[in-house]
Amino acid sequence: MNISAINGYDPAAISQTATTLAVAVREKRHRQSAIEAFLHEYQLTSREGIILMSIAEALLRIPDSRTQDLLLQEKLSGVDWQSHLHHSDSQLVNLATRALLFAGDFEAHHDSQGFEQLLSRVGAPLIRAAVKQAMQHLALQFVFAESIQEAIRRSEQEPVFRYSFDMLGEAALTKADAERYFEAYRFAIDALAGHAVSAELYDNPGLSIKLSALYPRYEPLQHVRAVKALRDKLLVLARAARQANIMLTVDAEESERLDMSLDIFASAFKHRDLDGWPGLGLAVQAYQKRALPVIRWLAKLASHHRRKIPLRLVKGAYWDSEIKRAQEYGLADYPVFTRKSATDVSYLACAQVMLSEPAAFYPQFASHNAHTVAAIYHLGRQHPGYEFQRLHGMGESLYREIIDVQDWKIHCRVYAPIGAYHELLPYLVRRLLENGANTSFINQISRMNISVDELVSDPVAAVRASANQAQIVLPRNLFGDRRVNSSGLNLADPEQLASLQHSVNTLSDKYWTAMPLINGRPYSGKERLIVNPFDNRLKVGSVTFAEPEAIGEALTEASLAFADWRLAPVAKRAQYLLKAADLLEANRLELVSLCVREGGRTIKDALAEVREAVDFCRYYAQSAMDLFSQPVKLPGPTGEENWLYHYGRGVYVCISPWNFPIAIFIGQIAAALAAGNTVIAKPASQTALTAMRCVQLLHQAGVPESVLHFLPIGGNLFGEHLLADARVAGLVFTGSTETAQTINRQLALQRRDIVPVIAETGGQNVLIADSSALLEQLVQDAAVSAFNSVGQRCSALRVLFVQEEIADKTVAMLIGAMQELVIGNPGFYWTDIGPVIDRAALAPLIAHLEAMQQQGRLLYQLPVPERLGYGSFFPPSLIELHSLSQLTGEVFGPILHVIRYREPELDQVIDAVNATGYGLTLGIHSRIDSTFNTIRQRVKVGNIYVNRNMIGAVVGVQPFGGTGLSGTGPKAGGPDYLRRFVIEQTVTVNTAAIGGNATLLAQDLR
């Protein structure tokens, strides 16, 4: 929309009004709120600002003093608090600075004299109390009140403003959470009923609700049950709000929930119990690209039912996470505008539509921006009535100017968060940090180096000026010119989701076959029927296993093809892999169907597998070009040139597991081919059908049939006829440690030469969480890592070490989260938990559970419906143990073991982890950097999953792959990984020879 062409949009008049407002606000700096003063004094880009916010986010919710002291010791030491002393016009900011300065000086002294010595003095408790008091004062500025009764009393002291109360908090993870929030909303409505004294609905206070707080699975893949459950709860609250004569507004959340929220809102809005009541409202985020179509859709909804919708227009609340998720999911585009100026223009366009529909909307404009407010004022001169909104603690000076001085006669409503300080402050700080853009009006108004003209600049002009400037690259181009990111499906799009389910259903009866392929020719042999692990009565296809003759033929052909493939241009090999990546994406649904029916994977996990396989192909193509395009010139003495070349080793046998039938199968082959080796691919017998289809696509991409051979082989024949053959130059294996050891011993006994074995095996994967961890994130990560793919990942979480002080709450939340999991047919997109691969995999899980019940305590096990009796189902289980030594091996299934520990016992926890042997993955949940560093430096683990979040804290990321970003994963180590597949050859050229006749010396190093 061309906003400058809209009736009433006069850039000059708007600029003049905005300038008046900005100058007045800047002149009244002494009246700025405490939050604004904090943001001015401690910029979010400064070290002090980040540390202050990290303390505010974590300190009040940490239950034990020891961890609080560790946090303060780390955050406060060595920070320049002195430069901020008496620097602010706010007494509260200066008081907090004084406490931080005192604490920082103490902690600096603390470091020099030793922690234990100083803890024996009264200093540490005193410092802790001082900083906690400072955080409590800060919480008072963010949180309007701790209870609805207190909030009502406080609001009545400021009658110039209207109020919308919000019982904020984290999204519900359990039914208990959802019920608690629901009752809080109902109680708040009852409390407000006695204070809604005006006959005019919009003059009365209102209540904002968050749908994610009312249902623990408010997710796109669970939309069927989530929409119905939330519609029913929203109706109950709306009826109560109508009776109380107050507005009820549904808050906006992440873009992936938008379609669900509109369905829920519309369903409740249309209900006959709400006929004639214009009090059910909705918030719309202007930073979403769908904001304008949503408002037009809402206008039609309101018109059809002949009543108004109170519509709150906001800029947006989840920008960072929206950008990150779109990149991670490989979406075609971002759901939000990537420039603030574009969001501002979108906001004005949405406002114009809202103002042009007075019969459809009661507009509520939430903004702290002087230009936005001025533009609304000019656009809405003829409107019969609308209101502004601001967040408690922010924008008060701006609206005091509008109400008290300019006398616009437009109401302003305060959005007032209510809740316990220690719970609500961390949530609000995270939201502030995600949306506290340095370009925002609130952040810039107090910075005198920014002119008023710049503060109130026209966003339309800014958008035009930025048309040719660099922008955030699309998710597809995340890796720049190195490689294309694998594309994903937008599972939040109802149409894509329905189309995906239809395609999977269409392929559910297809019968597949697999057999040895040597030089592209099929070989006959013994057949085996493949059945669906969800229901063993369902046939998926049949596999023909290779006989000794076929194995010998494959070795012969692969050996003959090696010389030419070894010397083939690396660009040609890379091109085949790039073409294979495209074909994998083009045939994605076939592969997903196979992975679901043969491997028992859920649709979501199968889609992630295809993405990872695609990324492997592109990543190894890129890495091969880096490694093989040109020899590397080495340093040497004068008169001599030394060059390093890399060549393939020979025939590689790639042995893949059943738990990653697409990603690891493709990844092993792609790496070996890229390095110039010929390949004999041996799939897991349980998933040979999926492997066969992958090989067909690689051949279709151009990989010569003589270079890549496919051999489904029984266990005995593999050892007798493949491992012992001298023509096998190397072997790549992913699977159990025991099998890897068996292969290694067989090679040592049967071969005189040393055969390279590249093995990725499992381990006792743990996650260590101290009491500074955010419980909601910890529980989500632990549940996803332990139970996704039914725990059948080599990187899945097996053991959760949780600090004693948060253990009870963590266990309770974990059980609640487990109760919400859906176990059933993986062929339906809403299924969370499918079957384990077969009944052979089921037996050791049952045995382990029985043994652990004697040694530990079964905390919870998800019930398995009787209708699933024909499948190999093992339900997610939670067991508490006393010691890690109780586990003598890896348990490959959905069993999570919980072990409590005390903070001083962290070194013993690390020792226990190391005692299990070399671990594959480890997760860390902590807000304390020193804890992370201690674990990282001491633990013997291959991959440590951490994420430094926006406030500088350390947050564990679940040991869980399949995002398509496999270049950062354990199996995709780039050129260093490819070097395991090659011969390194050094060539010395004597350039000082008389007459220029150089002497060529070549030596194979390995």
# chains A, B, ... in the order shown; residues from 1 in each chain; ligands from 1
$ residues_around --residues "region 850-859 of chain A" --least-positions-apart "2" --cutoff "9 Å" --atoms "only C-alpha atoms" --output "PyMOL selection string"
chain A and resi 811+815+845-848+861+877-882+886-887
$ residues_around --residues "Ala196 (chain A)" --least-positions-apart "3" --cutoff "12 Å" --atoms "only C-alpha atoms" --output "PyMOL selection string"
chain A and resi 152+156+162-163+189-193+199-207+241-247
$ write_last_selection --atoms "C-alpha atoms" --output "short mmCIF file (atom, residue, chain, number, x, y, z; two decimals), in the first residue's frame"
data_model
loop_
_atom_site.label_atom_id
_atom_site.label_comp_id
_atom_site.auth_asym_id
_atom_site.auth_seq_id
_atom_site.Cartn_x
_atom_site.Cartn_y
_atom_site.Cartn_z
CA ILE A 152 -7.25 -2.19 40.88
CA GLU A 156 -7.78 4.08 40.78
CA ARG A 162 -7.72 3.52 31.38
CA TYR A 163 -6.26 0.08 32.12
CA ILE A 189 -12.76 -10.88 35.77
CA ASP A 190 -14.75 -11.34 38.97
CA ALA A 191 -12.58 -8.78 40.76
CA LEU A 192 -12.97 -6.25 37.94
CA ALA A 193 -16.74 -6.68 37.80
CA ALA A 199 -22.31 2.02 31.25
CA GLU A 200 -19.97 2.58 28.32
CA LEU A 201 -18.01 -0.67 27.87
CA TYR A 202 -14.83 0.94 26.53
CA ASP A 203 -14.54 3.31 29.50
CA ASN A 204 -14.14 0.36 31.86
CA PRO A 205 -10.97 -1.58 32.59
CA GLY A 206 -10.22 -4.63 30.44
CA LEU A 207 -8.37 -7.90 30.65
CA ALA A 241 -16.37 -10.61 30.85
CA ARG A 242 -19.69 -9.74 29.23
CA GLN A 243 -21.43 -10.20 32.56
CA ALA A 244 -18.80 -8.01 34.23
CA ASN A 245 -19.11 -5.35 31.49
CA ILE A 246 -15.39 -5.35 30.66
CA MET A 247 -13.46 -5.95 27.45
#
$ residues_around --residues "Leu348 (chain A)" --least-positions-apart "4" --cutoff "8 Å" --atoms "only C-alpha atoms" --output "MDAnalysis selection string"
chainID A and resid 3 344 352 372 375:376
$ write_last_selection --atoms "C-alpha atoms" --output "CSV table (one decimal), in the first residue's frame"
chain,number,residue,atom,x,y,z
A,3,ILE,CA,0.8,5.0,2.6
A,344,ASP,CA,6.3,1.4,11.0
A,352,GLN,CA,-5.8,3.6,8.1
A,372,THR,CA,3.3,7.0,14.9
A,375,ALA,CA,0.2,10.1,12.2
A,376,ILE,CA,-2.7,8.3,14.0
$ residues_around --residues "Leu474 (chain A)" --least-positions-apart "6" --cutoff "10 Å" --atoms "only C-alpha atoms" --output "VMD selection string"
chain A and resid 323 326 to 327 330 to 334 480 485
$ closest_residue --among "A:Gly393, A:Gly525, A:Gly735, A:Gly869" --to "Phe142 (chain A)" --atoms "only C-alpha atoms"
A:Gly393
$ closest_residue --among "A:Asp907, A:Asp770, A:Asp10, A:Glu150" --to "Pro417 (chain A)" --atoms "only C-alpha atoms"
A:Glu150
$ closest_residue --among "A:Gln937, A:Ser785, A:Ser457, A:Ser795" --to "Pro876 (chain A)" --atoms "only C-alpha atoms"
A:Ser785
$ residues_around --residues "Ala796 (chain A)" --least-positions-apart "4" --cutoff "9 Å" --atoms "only C-alpha atoms" --output "ChimeraX atom specification"
/A:765-766,784-789,791-792,892-894,921,958-960
$ write_last_selection --atoms "C-alpha atoms" --output "PDB file, in the first residue's frame"
ATOM      1  CA  ASN A 765      24.238 -38.395  26.800  1.00  0.00           C
ATOM      2  CA  VAL A 766      23.525 -36.099  29.723  1.00  0.00           C
ATOM      3  CA  VAL A 784      12.170 -32.997  23.045  1.00  0.00           C
ATOM      4  CA  SER A 785      15.638 -34.488  23.269  1.00  0.00           C
ATOM      5  CA  ALA A 786      14.656 -37.558  25.265  1.00  0.00           C
ATOM      6  CA  PHE A 787      11.393 -38.474  23.564  1.00  0.00           C
ATOM      7  CA  ASN A 788      11.425 -37.209  19.976  1.00  0.00           C
ATOM      8  CA  SER A 789      12.023 -40.082  17.558  1.00  0.00           C
ATOM      9  CA  GLY A 791      14.545 -41.709  21.946  1.00  0.00           C
ATOM     10  CA  GLN A 792      16.040 -43.570  18.971  1.00  0.00           C
ATOM     11  CA  PHE A 892      18.236 -46.783  23.078  1.00  0.00           C
ATOM     12  CA  GLY A 893      14.676 -45.668  23.599  1.00  0.00           C
ATOM     13  CA  PRO A 894      12.381 -43.104  25.235  1.00  0.00           C
ATOM     14  CA  THR A 921      26.614 -35.188  23.274  1.00  0.00           C
ATOM     15  CA  GLN A 958      18.785 -30.119  23.432  1.00  0.00           C
ATOM     16  CA  PRO A 959      21.033 -32.749  21.829  1.00  0.00           C
ATOM     17  CA  PHE A 960      18.770 -32.958  18.841  1.00  0.00           C
TER      18      PHE A 960
END
$ residues_around --residues "region 547-559 of chain A" --least-positions-apart "3" --cutoff "8 Å" --atoms "only C-alpha atoms" --output "number ranges by chain"
A: 516, 518-519, 523, 525, 562-563, 650-651, 678-680, 706-709, 711, 713, 717, 721-722, 727-728
$ closest_residue --among "A:Leu634, A:Val913, A:Cys350, A:Ala759" --to "Arg798 (chain A)" --atoms "only C-alpha atoms"
A:Val913
